[in-house]
Structures are given as C-alpha cells and as structure tokens.
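What follows is a short report on a single structure.
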Protein chains: 2
Amino acid sequence: MPDTHEQGYFTEENSAEVVIGRNRNARDARLKEVMAVIVRHLHAAVKEIEPTEEEWLKAIMFLTDTGHMCTEWRQEFILLSDTLGVSMLVDAINNRKPKGASESTVLGPFHVAGAPELPMGADICLDRKGEPMRVSGRILDTAGNPVAGAKIDVWQANDEGFYDVQQKGIQPDFNLRGVFRTGADGRYWFRGVKPKYYPIPDDGPVGKLLRALGRHPYRPAHLHYIIEAEGFDRLVTHIFDPDDPYIDSDAVFGVKKSLLARFEQVSDPARIAAAGFDRPFWDVNFDFVLSRAGE
Amino acid sequence: MPDTHEQGYFTEENSAEVVIGRNRNARDARLKEVMAVIVRHLHAAVKEIEPTEEEWLKAIMFLTDTGHMCTEWRQEFILLSDTLGVSMLVDAINNRKPKGASESTVLGPFHVAGAPELPMGADICLDRKGEPMRVSGRILDTAGNPVAGAKIDVWQANDEGFYDVQQKGIQPDFNLRGVFRTGADGRYWFRGVKPKYYPIPDDGPVGKLLRALGRHPYRPAHLHYIIEAEGFDRLVTHIFDPDDPYIDSDAVFGVKKSLLARFEQVSDPARIAAAGFDRPFWDVNFDFVLSRAGE
C-alpha cells in the first residue's frame with residue numbers, strides 16, 4: 001500500500017505533471033492537449049509569481065467580477081483578451097498571409113450583418129456630422145491584378161467615436177455602414193466621415209486593471225473592412241489614421257504598420273467639387289491585396 | 001513619423017514584449033511584475049495551442065459561465081483553481097515547512113469560526129450517525145517535545161460526506177466541529193465519526209470540464225485541522241483515510257503522503273468500553289509537528 005501511495009502525490013516540484021497526469025482518460029485528444037499546455041504554463045506562472053494567499057484571492061475576485069460584468073451586451077472576458085493582446089495573437093495565428101497580401105486585424109464587436117449594398121461613391125455618413133472623408137483604392141491579388149466582384153463590407157465610428165449601434169435613436173440606423181462590389185478594374189470608392197479615436201468600455205474590472213497598469217483605454221481612429229471574393233481568403237482588417245494620438249498605443253494592439261493609411265486634407269475647391277463635397281475633406285487611398293486559399 | 005511607427009507594433013513574434021511594454025508606467029511594481037509573468041505565459045500558451053477562433057470563443061464562454069456560476073455561496077473560480085492544482089500550489093508556496101514539521105493542505109470552504117471549545121475526549125458527533133471513531137495523538141515541536149496550550153480546531157464531514165453547514169436542519173448546528181486545547185503532555189483526543197469521501201460541487205462549468213477530462217469530482221475521506229500555538233507557525237491541514245477509494249485521485253490534489261493516517265477498526269469489547277463507545281469503532285492516531293516562526 002505505501003508503495004502505490006509513494007508516487008503520484010502532488011508536491012510543489014511535480015505539481016503540473018500530477019495535474020496533467022490526471023487527464024489521462026480524457027476522450028477528447030485536443031482538449032487533453034490544450035489542458036496540458038494551460039496547466040503547464042499556469043503552474044509555471046504561479047511558481048514565478050509566488051502569490052501570497054491574499055494575491056491569489058484578489059485574482060479569483062478579479063475573474064469573478066469580470067464574469068459578473070458579462071451580459072448579453074457586454075463581454076468583459078473578450079475585453080480582457082483584447083487588452084492582453086490575446087485576441088490579436090489568435091487573429092495573427094489564424095490569418096497568416098503570404099508575402100504581399102494585406103494583413104488582418106480583429107473583427108471587433110460592432111460589425112452588423114445586412115448593411116445596405118450601395119453604388120460606388122455613395123456617402124455612408126447619413127447625418128452629415130463631422131469632417132467629410134473620401135476613401136478609395138483597389139482590391140488586388142498578390143500578383144497586382146485587380147479583383148472583380150469583390151464584396152467590401154465597411155463600417156466605422158462617427159466623428160465622436162461612436163458606432164450607430166451605440167447611439168440608437170441618435171444616429172440613423174446603418175449610419176456609416178455599407179457594402180460595395182468591385183467591377184472589372186477592382187476599384188472602390190465611397191464617402192464617409194473622418195473617424196475619431198474612442199475608448200473601449202472601461203467602467204468594469206478591465207478598465208480598472210488598465211488604470212492600475214497606467215494604460216489608457218483608447219483605440220486610434222480606424223475604418224473596419226471585411227473583403228470577400230470568390231477563390232480568395234476572406235480579409236478582416238482595419239485601416240488606421242497614422243496621425244491619431246493613440247496610433248502607437250492601441251488599447252487592443254490592433255495596429256499593424258502595413259495598415260496605416262494616409263489621410264490627406266483637401267481644401268482645393270476643384271477637388272472638393274470633383275469628390276462631391278461642399279467643404280474641405282480628407283482623402284484616403286488604400287489598396288487591399290487578397291491572398292488565394294492555400295497560397 | 002514612419003520611424004517611430006516602425007517599432008513597437010504588435011506581431012505574432014513580439015506579441016508578449018509589446019503587451020508587457022505597455023505597462024511601463026504602472027505605479028504598482030508588484031502588479032507590473034505579476035502581469036509581465038502572466039502575459040508571457042499566456043502568450044506562450046496561445047502560441048503552443050494555436051487555438052482556432054472557435055476554440056478561443058469556447059474558452060471565453062467557459063470563463064464567462066464560470067463567472068456567472070459564482071454567487072455569495074458558490075465560488076466556481078476557486079473550484080477551477082482547486083481542480084487545476086493551483087490552490088494546492090499556492091498553499092505549498094506559502095507554507096514551506098522545515099524538515100520534520102507536519103505539512104499543510106488547503107483550508108477548504110467549510111471552516112466555521114466559533115466552534116465550541118470542548119474537554120479532551122468529547123464526542124463531536126452530535127447525532128450518533130455512522131461508525132464511531134476515536135482520534136488521538138500529540139502536538140510536538142520539531143525536536144519532539146510536547147507543545148502545551150496548542151489550540152486544535154477540528155472539523156469533518158459526516159458518514160454521508162456532508163458538513164453540518166451543507167445540511168442545516170438535518171444535522172445539529174456545530175455537528176462534527178470542536179476546539180481542543182493541549183495540556184503539558186501535548187496530547188489530544190476526541191471522538192467523532194468515520195468520515196466518507198464526497199464530491200466537490202460538480203453541477204457547474206468546472207464539473208463539466210472534469211467530466212470532459214475523464215476525471216471524477218471526489219475528495220477522499222479526511223479530517224480538517226487548524227492548529228495554533230504561541231511561538232509556532234499556524235498549521236492548516238487534513239489527515240486522510242489511506243484506504244479511501246479516492247485516496248490517489250483527490251479532485252483538488254490535497255493529499256500528501258505524510259498526511260495519511262491509519263484507521264484501525266477495533267471490535268475488542270474492553271477497548272470499546274475504554275474508548276467510551278458501545279459498539280466497534282475506528283481508532284486513528286496522528287501526531288502533528290509544529291514549526292517555529294523562521295525555523
């Protein structure tokens with residue numbers, strides 16, 4: 001009897017091995033593999049941190065508060081994942097692109113299915129608020145050929161940093177959302193409003209953690225895109241205003257160098273008229289390069 | 001401007017460094033250190049696991065469900081910590097003992113302050129249910145000398161595996177709880193009931209995870225102790241029944257080899273009478289060795 005007991009009891013030294021060994025009968029091989037990695041890193045982290053019992057309880061209460069903050073409308077664990085860079089890491093792992101293809105970034109919580117399909121050049125800013133913006137460019141393959149029939153689903157926050165769904169009754173429905181389809185030349189263009197930085201929701205445990213870490217909750221101004229075309233990988237990404245005050249410190253780490261656009265301020269009356277505006281506007285040009293499945 | 005943008009953007013390769021770098025202004029040095037370890041291991045784990053986006057969302061929903069399960073009466077994140085061996089690891093780190101001293105194990109959620117102080121030999125089993133048990137032994141220092149005036153706070157589940165607080169109105173208040181104080185000889189003895197294994201609460205996300213991992217939710221039969229004496233380290237521990245069917249697979253990893261007691265079944269009428277029982281009983285003998293602060 002003492003011999004069977006001799007092996008297998010938990011000690012500070014063998015802790016991860018003992019816990020992982022307990023899963024030997026797991027039916028789901030993937031779950032077993034995932035839990036082994038989680039337990040190994042969890043125990044290694046605890047051994048490095050050497051938390052006091054008070055610190056451990058503080059961590060338990062942080063997770064509990066984060067769970068209690070989650071509702072149908074608020075996902076505080078996703079915010080935690082976002083602000084710790086985990087969401088972007090998962091995005092990067094699942095969207096490795098061949099050289100030359102546009103890079104992805106996170107979808108975010110504000111995409112709405114069923115936005116209206118609009119003709120090229122349409123103004124998605126339905127309330128004329130803010131500084132007008134024209135966005136144009138091409139959808140290309142990695143060889144530089146135009147992609148015809150690409151579906152471009154675009155959405156953005158308004159000049160105050162709010163999406164329509166955050167201001168129901170204040171912004172018109174489907175404000176700053178549109179779906180466009182490229183022709184043979186692969187070109188797209190539409191009108192919108194110069195976006196502004198905005199904070200992620202910071203009135204919960206994650207906001208409290210950010211403050212304790214000396215971090216701000218802001219995302220730099222950006223436009224969201226989902227671009228789909230037959231035979232190509234779906235591209236979920238943003239383009240960013242490089243002059244935004246938070247461009248180097250996005251709270252969710254979504255910025256990539258290749259996704260910095262150029263926002264040119266245009267006050268020349270001829271160009272204003274040609275773009276269909278009645279006042280100075282921001283001109284943004286950005287080409288997207290799609291990869292083919294398995295490329 | 002491009003040069004400043006060049007460094008510091010998040011990539012799959014530098015992800016942990018970028019996230020950790022964002023905490024450079026944290027006022028709390030300990031929090032900063034803890035978060036660096038957490039982020040490093042979190043990112044390393046994600047890179048090893050390479051979760052799909054569906055798997056990542058499953059993890060988010062598991063944490064959310066675990067948070068939603070927490071109430072004033074139920075702490076599902078502590079159960080998660082327990083079943084992943086984290087609670088025992090934190091206990092081990094915070095209770096390293098000198099050679100020869102009794103080892104600690106987790107407190108558990110069923111300790112109640114204010115249990116009655118009883119004379120040595122008292123029967124803490126107030127409802128006479130189950131098989132009687134006598135527990136005796138000595139409180140010693142690491143040199144083997146008796147410790148006088150040690151306060152022994154003991155509690156246990158009943159013969160069906162329930163604590164009094166789990167069966168209010170069924171078990172008498174303070175059933176199977178007592179506080180004893182040693183005399184000059186350091187000896188203690190009291191009567192109780194042979195404990196039985198019991199499951200941790202398994203009707204939530206943690207129970208579901210255990211089932212998916214092919215694990216059971218049981219803790220082997222044990223008695224809880226808090227032993228305190230002036231000038232000595234407080235000892236929070238259990239003793240275990242080595243013949244319990246779950247002794248080698250405690251769901252919370254609380255068993256240590258040094259905490260296995262011996263449960264001897266006694267049917268000799270003279271010994272039964274001497275122990276103050278009217279039927280066969282289990283005789284348990286266990287000495288506890290206390291360490292001195294800084295020993």
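Chain labels run A, B, ... following the order of the structure tokens; each chain numbers its residues from 1, and ligands are numbered from 1 in the order shown.
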
In region 65-287 of chain B, DSSP strand (DSSP E or B) residues written as JSON, numbers by chain = {"B": [117, 123, 132, 133, 134, 135, 136, 137, 138, 139, 140, 141, 146, 151, 152, 153, 154, 155, 156, 168, 171, 177, 178, 179, 180, 181, 187, 188, 189, 190, 191, 192, 193, 198, 199, 218, 219, 222, 223, 224, 225, 226, 227, 228, 232, 235, 236, 237, 238, 239, 240, 260, 263, 264, 265, 266, 281, 282, 283, 284, 285]}

Excluding same-chain residues fewer than 6 positions from region 257-273 of chain A, what lies within 7 Å of it counting only C-alpha atoms, as a PyMOL selection string?
-> (chain A and resi 238-242+279-286) or (chain B and resi 5-6+9)

Name all residues at most 7 Å from Thr83 (chain A) (count only C-alpha atoms; drop same-chain ones fewer than 4 positions away) and give them as a PyMOL selection string.
-> chain A and resi 79+251-252

Could you save those same residues with C-alpha atoms as a CSV table (one decimal), in the first residue's frame?
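Writing done, so here's again-v9.csv:
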chain,number,residue,atom,x,y,z
A,79,LEU,CA,-12.1,42.9,-23.4
A,251,ALA,CA,-5.6,49.5,-26.2
A,252,VAL,CA,-6.2,46.3,-28.1

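Restricting the calculation to only C-alpha atoms, the smallest distance between chain A and any of B:Ala212, B:Ala275, B:Ala157, B:Leu126 is found for B:Ala212.
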
Could you check which of B:Leu235, B:Val255, B:Val193, B:Ile124 is closest to chain A, using only C-alpha atoms?
->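 Of B:Leu235, B:Val255, B:Val193, B:Ile124, the one nearest chain A is B:Val255, counting only C-alpha atoms.
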
Find, counting only C-alpha atoms, the residue in A:Pro245, A:Pro220, A:Pro195, A:Gly178 that gets nearest to Met133 (chain A).
->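 Of all the options, A:Pro195 lies closest to Met133 (chain A).
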
Quick one: of B:Asp153, B:Asp173, B:Asp159, B:Asp244, who's nearest to chain A, counting only C-alpha atoms?
->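 Ranking B:Asp153, B:Asp173, B:Asp159, B:Asp244 by distance to chain A, first place goes to B:Asp244.
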
Point-to-point distance in Å for CA of Ile200 (chain B) and CA of Pro217 (chain B) =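 According to the coordinates, CA of Pro217 (chain B) and CA of Ile200 (chain B) are separated by 5.6 Å.
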
Using only C-alpha atoms, determine which residues lie at most 9 Å from Ile226 (chain B), disregarding the query and same-chain residues fewer than 6 positions distant; provide the list as a VMD selection string.
-> chain B and resid 107 151 to 154 234 to 238

Serialized selection, C-alpha atoms, as a PDB file, in the first residue's frame:
ATOM      1  CA  LEU B 107      -8.329  25.159   4.189  1.00  0.00           C
ATOM      2  CA  LYS B 151      -5.391  25.132  20.163  1.00  0.00           C
ATOM      3  CA  ILE B 152      -6.738  22.368  17.902  1.00  0.00           C
ATOM      4  CA  ASP B 153      -9.687  23.377  15.719  1.00  0.00           C
ATOM      5  CA  VAL B 154     -11.084  20.256  14.034  1.00  0.00           C
ATOM      6  CA  ARG B 234      -0.141  28.120  12.270  1.00  0.00           C
ATOM      7  CA  LEU B 235      -0.800  24.725  10.670  1.00  0.00           C
ATOM      8  CA  VAL B 236      -3.798  24.288   8.352  1.00  0.00           C
ATOM      9  CA  THR B 237      -4.018  20.698   7.224  1.00  0.00           C
ATOM     10  CA  HIS B 238      -6.030  17.471   6.873  1.00  0.00           C
TER      11      HIS B 238
END

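Between chain B and the candidates A:Leu290, A:Ile170, A:Ala101, A:Val106, the tightest atom-to-atom separation, counting only C-alpha atoms, involves A:Val106.
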
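Here the question is which of A:Met120, A:Leu80, A:Leu89, A:Gly161 gets nearest to Ala45 (chain B) using only C-alpha atoms, and that residue is A:Leu89.
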
Tell me which protein, DNA and RNA residues are within 12 Å of Gly67 (chain B), counting only C-alpha atoms, leaving out same-chain ones fewer than 4 positions away, and put them as an NGL selection string.
-> (:A and (60-71 or 75-77)) or (:B and (60-63 or 71-72 or 74-80 or 204-206))

For C-alpha atoms, I'd like the residues from the last selection saved as a short mmCIF file (atom, residue, chain, number, x, y, z; two decimals), in the first residue's frame.
data_model
loop_
_atom_site.label_atom_id
_atom_site.label_comp_id
_atom_site.auth_asym_id
_atom_site.auth_seq_id
_atom_site.Cartn_x
_atom_site.Cartn_y
_atom_site.Cartn_z
CA ILE A 60 -10.03 34.94 -8.05
CA MET A 61 -12.14 38.03 -7.31
CA PHE A 62 -10.92 39.80 -10.46
CA LEU A 63 -12.03 36.84 -12.59
CA THR A 64 -15.32 36.65 -10.68
CA ASP A 65 -16.02 40.36 -11.18
CA THR A 66 -15.10 40.03 -14.87
CA GLY A 67 -17.60 37.18 -15.20
CA HIS A 68 -20.30 39.12 -13.38
CA MET A 69 -19.77 42.08 -15.76
CA CYS A 70 -20.64 39.88 -18.76
CA THR A 71 -24.16 40.22 -20.12
CA GLN A 75 -18.30 40.71 -22.99
CA GLU A 76 -15.72 41.64 -20.36
CA PHE A 77 -13.62 38.48 -20.90
CA ILE B 60 -14.14 32.90 -23.38
CA MET B 61 -17.55 31.29 -22.84
CA PHE B 62 -16.13 28.81 -20.31
CA LEU B 63 -14.73 31.70 -18.25
CA THR B 71 -22.65 33.68 -6.06
CA GLU B 72 -22.28 34.58 -2.41
CA ARG B 74 -20.65 29.28 -4.65
CA GLN B 75 -17.13 30.14 -5.83
CA GLU B 76 -16.67 28.40 -9.16
CA PHE B 77 -13.31 30.10 -9.88
CA ILE B 78 -11.94 28.69 -6.61
CA LEU B 79 -13.21 25.26 -7.70
CA LEU B 80 -11.40 25.79 -11.00
CA GLY B 204 -21.36 23.86 -13.00
CA PRO B 205 -18.77 24.52 -15.71
CA VAL B 206 -15.96 23.02 -13.60
#

How far is it from CA of Ala16 (chain A) to CA of Asp28 (chain A), in Å with one decimal?
-> 19.6 Å

Polymer residues at most 10 Å from His111 (chain B), only C-alpha atoms, same-chain spacing of 6 or more positions, as a PyMOL selection string | chain B and resi 153-156+163+165+177+224-226

Would you mind listing what lies within 10 Å of Ile38 (chain A) as a compact mmCIF listing (two decimals) with N, CA and C atoms, in the first residue's frame, with only C-alpha atoms counted and same-chain residues fewer than 2 positions away left out?
# COMPACT_ATOMS: atom_id res chain seq x y z
N ALA A 16 2.60 20.30 -11.84
CA ALA A 16 1.99 20.31 -13.17
C ALA A 16 1.87 18.89 -13.72
N ILE A 20 -1.63 17.19 -14.88
CA ILE A 20 -1.77 16.76 -16.29
C ILE A 20 -2.02 15.25 -16.36
N LYS A 32 -7.41 17.43 -24.18
CA LYS A 32 -6.33 16.90 -23.33
C LYS A 32 -5.02 17.66 -23.60
N GLU A 33 -4.73 17.87 -24.87
CA GLU A 33 -3.51 18.58 -25.29
C GLU A 33 -3.56 20.05 -24.82
N VAL A 34 -4.72 20.68 -25.05
CA VAL A 34 -4.89 22.09 -24.67
C VAL A 34 -4.74 22.25 -23.15
N MET A 35 -5.37 21.35 -22.39
CA MET A 35 -5.31 21.48 -20.93
C MET A 35 -3.90 21.23 -20.41
N ALA A 36 -3.15 20.37 -21.08
CA ALA A 36 -1.77 20.12 -20.65
C ALA A 36 -0.95 21.40 -20.81
N ARG A 40 0.53 23.49 -17.61
CA ARG A 40 1.98 23.67 -17.52
C ARG A 40 2.32 25.16 -17.36
N HIS A 41 1.69 26.02 -18.17
CA HIS A 41 2.01 27.45 -18.09
C HIS A 41 1.41 28.09 -16.83
N LEU A 42 0.24 27.63 -16.44
CA LEU A 42 -0.40 28.17 -15.22
C LEU A 42 0.48 27.89 -14.01
N HIS A 43 0.95 26.65 -13.88
CA HIS A 43 1.79 26.31 -12.73
C HIS A 43 3.14 27.02 -12.80
N ALA A 44 3.70 27.12 -14.01
CA ALA A 44 4.98 27.83 -14.14
C ALA A 44 4.82 29.29 -13.74
N HIS B 41 3.41 34.00 -20.06
CA HIS B 41 2.94 32.61 -20.11
C HIS B 41 1.66 32.47 -20.93
N LEU B 42 0.79 33.48 -20.85
CA LEU B 42 -0.46 33.44 -21.63
C LEU B 42 -0.14 33.41 -23.12
N ALA B 44 2.72 32.54 -24.54
CA ALA B 44 3.43 31.29 -24.86
C ALA B 44 2.43 30.15 -25.00
N ALA B 45 1.45 30.10 -24.10
CA ALA B 45 0.44 29.03 -24.16
C ALA B 45 -0.37 29.14 -25.45
N VAL B 46 -0.80 30.35 -25.81
CA VAL B 46 -1.59 30.54 -27.04
C VAL B 46 -0.75 30.12 -28.26
N GLU B 48 1.61 27.89 -28.34
CA GLU B 48 1.72 26.42 -28.37
C GLU B 48 0.40 25.79 -28.79
N ILE B 49 -0.70 26.32 -28.29
CA ILE B 49 -2.01 25.73 -28.56
C ILE B 49 -2.47 26.05 -29.98
N LEU B 84 -7.45 22.47 -10.86
CA LEU B 84 -6.25 22.57 -11.70
C LEU B 84 -4.97 22.56 -10.86
